[in-house]
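Asks: data-v2.txt is reproduced below (compact mmCIF, C-alpha atoms).
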# COMPACT_ATOMS: atom_id res chain seq x y z
CA TYR A 156 -119.30 54.17 -17.38
CA LEU A 157 -118.94 56.82 -20.06
CA ASP A 158 -120.18 55.29 -23.30
CA GLU A 159 -123.80 56.39 -22.72
CA TYR A 160 -122.65 59.88 -21.83
CA ILE A 161 -120.68 60.23 -25.04
CA GLU A 162 -123.46 58.86 -27.22
CA SER A 163 -126.09 61.13 -25.65
CA ALA A 164 -123.86 64.18 -25.89
CA TYR A 165 -122.38 63.67 -29.33
CA GLY A 166 -124.62 61.15 -31.10
CA ASN A 167 -123.22 59.56 -34.24
CA ASN A 168 -120.01 61.56 -33.96
CA SER A 169 -118.99 59.47 -30.93
CA ALA A 170 -117.20 57.02 -33.23
CA ASN A 171 -114.57 59.70 -33.83
CA PHE A 172 -113.62 60.06 -30.18
CA CYS A 173 -110.39 58.82 -28.73
CA TRP A 174 -108.90 59.09 -25.28
CA ALA A 175 -106.73 62.21 -25.09
CA GLY A 176 -105.30 62.31 -21.60
CA LEU A 177 -105.90 62.45 -17.89
CA PHE A 178 -105.60 65.62 -15.82
CA THR A 179 -105.31 65.70 -12.04
CA SER A 180 -105.63 68.78 -9.88
CA THR A 181 -101.89 69.46 -10.04
CA GLU A 182 -100.54 68.05 -13.28
CA ALA A 183 -101.44 66.55 -16.63
CA THR A 184 -100.32 63.18 -17.91
CA ALA A 185 -99.29 62.79 -21.50
CA ASP A 186 -101.14 60.44 -23.84
CA GLY A 187 -100.24 56.81 -23.18
CA SER A 188 -98.08 57.53 -20.14
CA ASP A 189 -97.63 54.93 -17.41
CA ASN A 190 -99.60 57.07 -14.97
CA ALA A 191 -102.51 57.34 -17.35
CA ARG A 192 -102.48 53.63 -18.14
CA ALA A 193 -102.65 52.80 -14.42
CA VAL A 194 -106.07 54.41 -14.25
CA PHE A 195 -107.64 52.30 -16.99
CA GLN A 196 -107.92 48.55 -17.24
CA THR A 197 -108.57 48.75 -20.97
CA PHE A 198 -106.91 51.23 -23.31
CA LYS A 199 -108.32 51.67 -26.83
CA ASN A 200 -108.33 54.39 -29.45
CA SER A 201 -112.11 54.39 -29.67
CA ILE A 202 -114.30 54.23 -26.56
CA THR A 203 -117.56 53.85 -28.46
CA GLY A 204 -119.71 51.20 -26.77
CA MET A 205 -117.00 50.48 -24.23
CA LYS A 206 -117.44 50.58 -20.47
CA VAL A 207 -114.51 52.61 -19.20
CA GLN A 208 -113.75 51.60 -15.62
CA LEU A 209 -111.52 53.58 -13.28
CA TYR A 210 -109.40 51.77 -10.73
CA GLN A 211 -107.00 54.08 -8.94
CA LYS A 212 -107.83 54.42 -5.22
CA GLY A 213 -108.45 57.93 -3.96
CA PHE A 214 -108.22 59.48 -7.41
CA ARG A 215 -109.79 62.83 -8.16
CA GLY A 216 -109.38 64.44 -11.51
CA GLN A 217 -110.76 64.94 -15.00
CA LEU A 218 -111.17 62.60 -17.92
CA VAL A 219 -110.44 64.42 -21.14
CA PHE A 220 -111.83 63.52 -24.56
CA GLY A 221 -110.31 64.45 -27.87
CA LEU A 222 -111.42 64.30 -31.49
CA LYS A 223 -108.70 62.79 -33.67
CA ARG A 224 -108.30 64.05 -37.22
CA ASP A 225 -105.31 63.76 -39.50
CA GLY A 226 -103.15 62.44 -36.70
CA GLU A 227 -103.88 65.38 -34.38
CA THR A 228 -106.01 65.31 -31.22
CA LYS A 229 -108.09 68.33 -30.36
CA LEU A 230 -109.43 68.84 -26.83
CA ILE A 231 -113.23 68.91 -26.91
CA ASP A 232 -114.60 67.94 -23.51
CA LYS A 233 -113.82 66.80 -19.97
CA ILE A 234 -115.63 65.08 -17.12
CA VAL A 235 -114.77 65.63 -13.47
CA LEU A 236 -114.33 62.37 -11.56
CA ASP A 237 -114.41 61.59 -7.84
CA MET A 238 -113.36 58.06 -6.89
CA ASP A 239 -114.68 58.28 -3.31
CA ASP A 240 -118.20 57.32 -4.42
CA LEU A 241 -117.26 54.74 -7.02
CA TYR A 242 -117.95 51.38 -5.29
CA ASN A 243 -120.52 51.45 -2.47
CA VAL A 244 -121.44 48.69 0.01
CA GLY A 245 -124.02 46.29 -1.44
CA GLU A 246 -123.25 47.13 -5.07
CA THR A 247 -122.73 44.10 -7.34
CA LEU A 248 -119.98 43.93 -9.94
CA THR A 249 -118.86 41.36 -12.48
CA GLU A 250 -115.40 40.24 -13.49
CA GLU A 251 -114.37 37.69 -16.12
CA VAL A 252 -112.41 34.76 -14.69
CA ASN A 253 -111.36 31.83 -16.88
CA GLY A 254 -113.86 32.89 -19.51
CA TYR A 255 -116.81 33.14 -17.07
CA GLU A 256 -118.45 36.22 -15.56
CA LEU A 257 -118.25 35.98 -11.76
CA THR A 258 -120.39 38.25 -9.59
CA PHE A 259 -118.93 40.10 -6.61
CA LYS A 260 -120.62 42.25 -3.96
CA VAL A 261 -118.97 45.24 -2.29
CA THR A 262 -118.63 44.68 1.47
CA LYS A 263 -116.38 47.64 2.30
CA LYS A 264 -116.65 50.85 0.31
CA ASN A 265 -114.03 51.14 -2.43
CA GLU A 266 -111.92 48.38 -0.82
CA GLU A 267 -113.39 44.88 -0.33
CA VAL A 268 -115.77 42.47 -2.08
CA GLU A 269 -117.12 38.96 -1.59
CA LEU A 270 -117.63 36.38 -4.29
CA SER A 271 -121.42 36.22 -4.42
CA LYS A 272 -122.24 34.09 -7.46
CA ILE A 273 -120.74 32.13 -10.32
CA PRO A 274 -122.56 31.24 -13.56
CA TRP A 275 -124.68 28.07 -13.45
CA ASN A 276 -122.75 26.59 -16.39
CA PHE A 277 -119.27 27.05 -14.88
CA SER A 278 -117.00 24.14 -15.74
CA GLY A 279 -113.41 23.37 -14.72
CA SER A 280 -111.12 24.74 -12.03
CA LEU A 281 -112.45 27.73 -10.09
CA ASP A 282 -109.47 30.02 -9.48
CA ILE A 283 -110.81 32.83 -7.32
CA PRO A 284 -108.78 36.04 -7.84
CA GLU A 285 -107.20 38.00 -4.99
CA THR A 286 -108.41 41.29 -6.46
CA VAL A 287 -110.85 42.50 -9.09
CA TYR A 288 -111.42 45.66 -11.08
CA GLY A 289 -107.80 46.38 -11.84
CA SER A 290 -106.61 45.33 -8.37
CA MET A 291 -108.65 48.07 -6.72
CA LEU A 292 -111.03 45.76 -4.82
CA THR A 293 -109.79 42.88 -2.65
CA VAL A 294 -111.71 39.61 -2.43
CA THR A 295 -112.01 38.93 1.32
CA SER A 296 -114.90 36.47 1.60
CA LEU A 297 -116.85 33.74 -0.16
CA GLY A 298 -120.54 34.61 0.10
CA LYS A 299 -123.46 32.40 1.11
CA ASN A 300 -124.35 29.81 -1.55
CA CYS A 301 -121.94 31.41 -4.01
CA ALA A 302 -121.07 28.07 -5.63
CA GLN A 303 -123.45 25.62 -3.98
CA ASN A 304 -124.13 22.36 -5.87
CA TYR A 305 -122.08 23.25 -8.95
CA SER A 306 -121.24 19.85 -10.41
CA GLY A 307 -119.00 21.35 -13.11
CA ILE A 308 -116.38 22.62 -10.66
CA THR A 309 -113.44 20.19 -10.60
CA ALA A 310 -111.12 22.12 -8.26
CA VAL A 311 -111.14 25.31 -6.19
CA THR A 312 -108.29 27.74 -5.46
CA ILE A 313 -109.04 30.22 -2.68
CA PRO A 314 -106.75 33.29 -2.46
CA GLY A 315 -104.91 34.26 0.72
CA THR A 316 -106.87 37.51 0.87
CA VAL A 317 -110.00 35.66 2.01
CA HIS A 318 -110.70 35.67 5.77
CA THR A 319 -114.30 34.38 5.84
CA ILE A 320 -116.11 31.53 4.11
CA GLU A 321 -119.84 32.01 4.59
CA ASN A 322 -122.57 29.41 5.18
CA SER A 323 -123.09 26.86 2.37
CA ALA A 324 -120.60 28.73 0.20
CA MET A 325 -119.38 25.67 -1.68
CA SER A 326 -121.36 22.68 -0.48
CA GLY A 327 -122.22 19.86 -2.84
CA LEU A 328 -119.22 20.19 -5.17
CA TYR A 329 -117.38 17.27 -6.79
CA ILE A 330 -113.84 18.22 -5.81
CA THR A 331 -111.37 15.73 -4.29
CA GLU A 332 -109.24 18.14 -2.25
CA ILE A 333 -109.62 21.56 -0.65
CA ASN A 334 -106.81 23.74 0.64
CA ILE A 335 -108.04 26.54 2.89
CA PRO A 336 -105.27 29.18 2.71
CA GLU A 337 -103.52 31.13 5.45
CA GLY A 338 -105.62 34.14 6.32
CA VAL A 339 -108.96 32.37 6.59
CA GLN A 340 -110.34 32.74 10.14
CA THR A 341 -113.92 31.46 9.92
CA ILE A 342 -115.58 28.62 8.01
CA GLY A 343 -119.38 28.79 8.05
CA ILE A 344 -122.16 26.25 8.53
CA TRP A 345 -122.42 23.66 5.73
CA SER A 346 -119.76 25.55 3.77
CA PHE A 347 -118.29 22.37 2.21
CA ALA A 348 -120.91 19.80 3.21
CA LEU A 349 -122.14 16.92 1.04
CA GLU A 350 -119.00 16.72 -1.10
CA LYS A 351 -118.98 13.01 -1.77
CA LYS A 352 -115.63 12.91 -3.60
CA LEU A 353 -113.68 15.04 -1.11
CA LYS A 354 -110.74 13.07 0.32
CA LYS A 355 -108.26 15.61 1.69
CA VAL A 356 -108.78 18.82 3.68
CA CYS A 357 -106.01 21.29 4.59
CA LEU A 358 -106.71 23.96 7.21
CA PRO A 359 -104.55 27.02 8.01
CA SER A 360 -102.86 28.23 11.19
CA THR A 361 -105.06 31.35 11.13
CA LEU A 362 -108.30 29.39 11.56
CA THR A 363 -110.19 30.26 14.75
CA LYS A 364 -113.69 28.88 14.15
CA ILE A 365 -115.35 26.11 12.14
CA MET A 366 -119.10 26.25 12.43
CA ALA A 367 -121.47 23.26 12.65
CA SER A 368 -121.59 20.71 9.83
CA ALA A 369 -119.02 22.57 7.72
CA PHE A 370 -117.83 19.28 6.19
CA TYR A 371 -120.88 17.21 7.08
CA MET A 372 -121.42 13.98 5.11
CA CYS A 373 -118.15 14.28 3.20
CA ASP A 374 -117.75 10.60 3.97
CA ALA A 375 -114.83 9.99 1.58
CA ILE A 376 -112.44 12.14 3.66
CA THR A 377 -109.37 10.15 4.70
CA GLU A 378 -107.03 12.92 5.90
CA ILE A 379 -107.36 16.32 7.51
CA HIS A 380 -104.28 18.52 7.96
CA ILE A 381 -104.39 21.51 10.29
CA LYS A 382 -101.60 24.01 11.02
CA ALA A 383 -103.21 25.77 13.99
CA THR A 384 -101.35 25.07 17.25
CA THR A 385 -104.44 26.01 19.25
CA PRO A 386 -107.52 23.95 18.32
CA PRO A 387 -110.07 26.24 16.64
CA ALA A 388 -113.55 26.41 18.14
CA MET A 389 -115.65 23.82 16.36
CA GLY A 390 -119.42 23.33 16.13
CA ARG A 391 -121.26 20.02 16.16
CA ASP A 392 -120.74 17.35 13.50
CA VAL A 393 -118.25 19.36 11.45
CA PHE A 394 -116.62 16.21 10.05
CA ALA A 395 -119.36 13.65 10.75
CA PRO A 396 -119.30 10.73 9.99
CA CYS A 397 -115.51 10.65 9.44
CA TYR A 398 -114.25 10.71 13.05
CA ASN A 399 -113.49 6.99 13.23
CA ASP A 400 -111.69 6.48 9.92
CA ALA A 401 -110.09 9.78 8.88
CA VAL A 402 -106.64 10.74 10.19
CA LEU A 403 -106.26 14.18 11.77
CA TYR A 404 -102.73 15.54 11.30
CA VAL A 405 -101.77 18.26 13.80
CA PRO A 406 -98.57 20.26 14.49
CA LYS A 407 -95.86 18.65 16.63
CA GLY A 408 -96.55 18.94 20.34
CA CYS A 409 -100.27 19.61 19.82
CA LYS A 410 -101.80 16.13 19.94
CA ASP A 411 -102.88 16.41 23.57
CA ALA A 412 -104.50 19.80 22.95
CA TYR A 413 -106.62 18.42 20.12
CA ALA A 414 -107.38 15.19 21.96
CA GLY A 415 -108.74 17.25 24.85
CA ALA A 416 -110.65 19.83 22.80
CA GLU A 417 -114.39 19.66 22.34
CA GLU A 418 -115.39 18.01 19.02
CA TRP A 419 -111.75 17.51 17.96
CA SER A 420 -111.55 14.81 20.61
CA ARG A 421 -114.00 12.72 18.55
CA PHE A 422 -111.19 11.83 16.12
CA LYS A 423 -109.86 8.34 16.88
CA ASN A 424 -106.66 8.87 14.87
CA ILE A 425 -104.70 12.02 15.73
CA VAL A 426 -101.12 12.15 14.43
CA GLU A 427 -98.47 14.83 15.01
CA ARG A 428 -96.55 15.98 11.98
Would you write out, as structure tokens, the structure that this file holds?

Replies:
Amino acid sequence: YLDEYIESAYGNNSANFCWAGLFTSTEATADGSDNARAVFQTFKNSITGMKVQLYQKGFRGQLVFGLKRDGETKLIDKIVLDMDDLYNVGETLTEEVNGYELTFKVTKKNEEVELSKIPWNFSGSLDIPETVYGSMLTVTSLGKNCAQNYSGITAVTIPGTVHTIENSAMSGLYITEINIPEGVQTIGIWSFALEKKLKKVCLPSTLTKIMASAFYMCDAITEIHIKATTPPAMGRDVFAPCYNDAVLYVPKGCKDAYAGAEEWSRFKNIVER
């Protein structure tokens, strides 16, 4: 963030600053070039009061400021940047999604984040992005309690970049259907429990583990579709009390495998599709 730096260094004159260019160790980019634009999510003539965020992985270089007068830009200052220390593990960041500020936490330095919190007043469809901060950081997990008991959420879209859904991530919602995308490997304890309106669940071929009570007391479920040819390991009471009435749809040739697998065998209606 550079707005505080500019104000402290140049005071009231900061209103006259504009972005002049970006210099790397080997070459300079002209004002407004595609290379320069790729580094900034937001491009404005004045950067007063604006949080300038850098997004290009592995970038090292200098940010150059100019003072614009009579149509000419004069070089006045530069700041050396090193992207290697930009986003550290445990740091929290925010990103606007559908008009709401979502909070993300860095889980792998400069590369991956988890969705850690949404605003309490969120309303409508929650479309979780694949990446944030100008596509620099990939969303790979849904954090514990990140959207627990949010009655305003009417639908959830989980991106294919996610591989882990943590404990109680989205329990107590009022959604009617959930599609867990390809790429997800683990679904945590109580992750979608107590969703009284949930009727349909779709599970991916990549799923390897569903932990205990993940869909506990979602007693409106009528159909569960799973693409995995090998039954994922499943904890106790994942779909309780729906084993008698809900239909479990499995891949062709896999009915016997599911009928003989621990916990999956509790389903009374297993259909190949």

Asks: Need to verify the contact set: Glu267 in chain A, 10 Å, all atoms listed in the file, exclusion of same-chain residues closer than 3 positions in sequence. Can you return it as a list in words?

Replies: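 Within the cut-off, the hits are Tyr242, Asn243, Val244, Phe259, Lys260, Val261, Thr262, Lys263, Lys264, Thr286, Val287, Met291, Leu292, Thr293, Val294, Thr295, Ser296 and Thr316 of chain A.
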
Asks: Would you work out the distance separating CA of Leu328 in chain A from CA of Glu350 in chain A, expressed in Å to one decimal?

Replies: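 A separation of 5.4 Å between them.
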
Asks: Do you have the CA of Lys410 in chain A-CA of Thr384 in chain A distance handy?

Replies: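 Atom-to-atom, CA of Lys410 in chain A to CA of Thr384 in chain A, that is 9.3 Å.
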
Asks: Could you check the closest approach to Ile342 in chain A for each of A:Ser306, A:Thr319, A:Asn300, A:Asn265 and tell me which residue wins, using only C-alpha atoms?

Replies: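 Using only C-alpha atoms, Ile342 in chain A sits closest to A:Thr319.
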
Asks: Using all atoms listed in the file, collect all residues at a distance of at most 12 Å from (-115.9, 23.0, -17.4) as written in the file, then present them as a PDB file with C-alpha atoms, in the frame of the given file.

Replies:
ATOM      1  CA  ASN A 253    -111.360  31.830 -16.880  1.00  0.00           C
ATOM      2  CA  GLY A 254    -113.860  32.890 -19.510  1.00  0.00           C
ATOM      3  CA  TYR A 255    -116.810  33.140 -17.070  1.00  0.00           C
ATOM      4  CA  PRO A 274    -122.560  31.240 -13.560  1.00  0.00           C
ATOM      5  CA  TRP A 275    -124.680  28.070 -13.450  1.00  0.00           C
ATOM      6  CA  ASN A 276    -122.750  26.590 -16.390  1.00  0.00           C
ATOM      7  CA  PHE A 277    -119.270  27.050 -14.880  1.00  0.00           C
ATOM      8  CA  SER A 278    -117.000  24.140 -15.740  1.00  0.00           C
ATOM      9  CA  GLY A 279    -113.410  23.370 -14.720  1.00  0.00           C
ATOM     10  CA  SER A 280    -111.120  24.740 -12.030  1.00  0.00           C
ATOM     11  CA  LEU A 281    -112.450  27.730 -10.090  1.00  0.00           C
ATOM     12  CA  TYR A 305    -122.080  23.250  -8.950  1.00  0.00           C
ATOM     13  CA  SER A 306    -121.240  19.850 -10.410  1.00  0.00           C
ATOM     14  CA  GLY A 307    -119.000  21.350 -13.110  1.00  0.00           C
ATOM     15  CA  ILE A 308    -116.380  22.620 -10.660  1.00  0.00           C
ATOM     16  CA  THR A 309    -113.440  20.190 -10.600  1.00  0.00           C
ATOM     17  CA  ALA A 310    -111.120  22.120  -8.260  1.00  0.00           C
TER      18      ALA A 310
END

Asks: Please compute the CA of Leu248 in chain A-CA of Ser326 in chain A distance, one decimal, in Å.

Replies: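 Going from CA of Leu248 in chain A over to CA of Ser326 in chain A covers 23.3 Å.
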
Asks: Kindly indicate which residue among A:Glu332, A:Glu321, A:Glu418, A:Glu251 lies nearest to Ile344 in chain A, using all atoms listed in the file for the distances.

Replies: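 Under the stated criterion, the closest residue is A:Glu321.
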
Asks: Residues around (-120.1, 20.8, 2.9), cut-off 6 Å, counting only C-alpha atoms - what are they as JSON, numbers by chain?

Replies: {"A": [326, 345, 346, 347, 348, 349, 350, 369, 370, 371]}
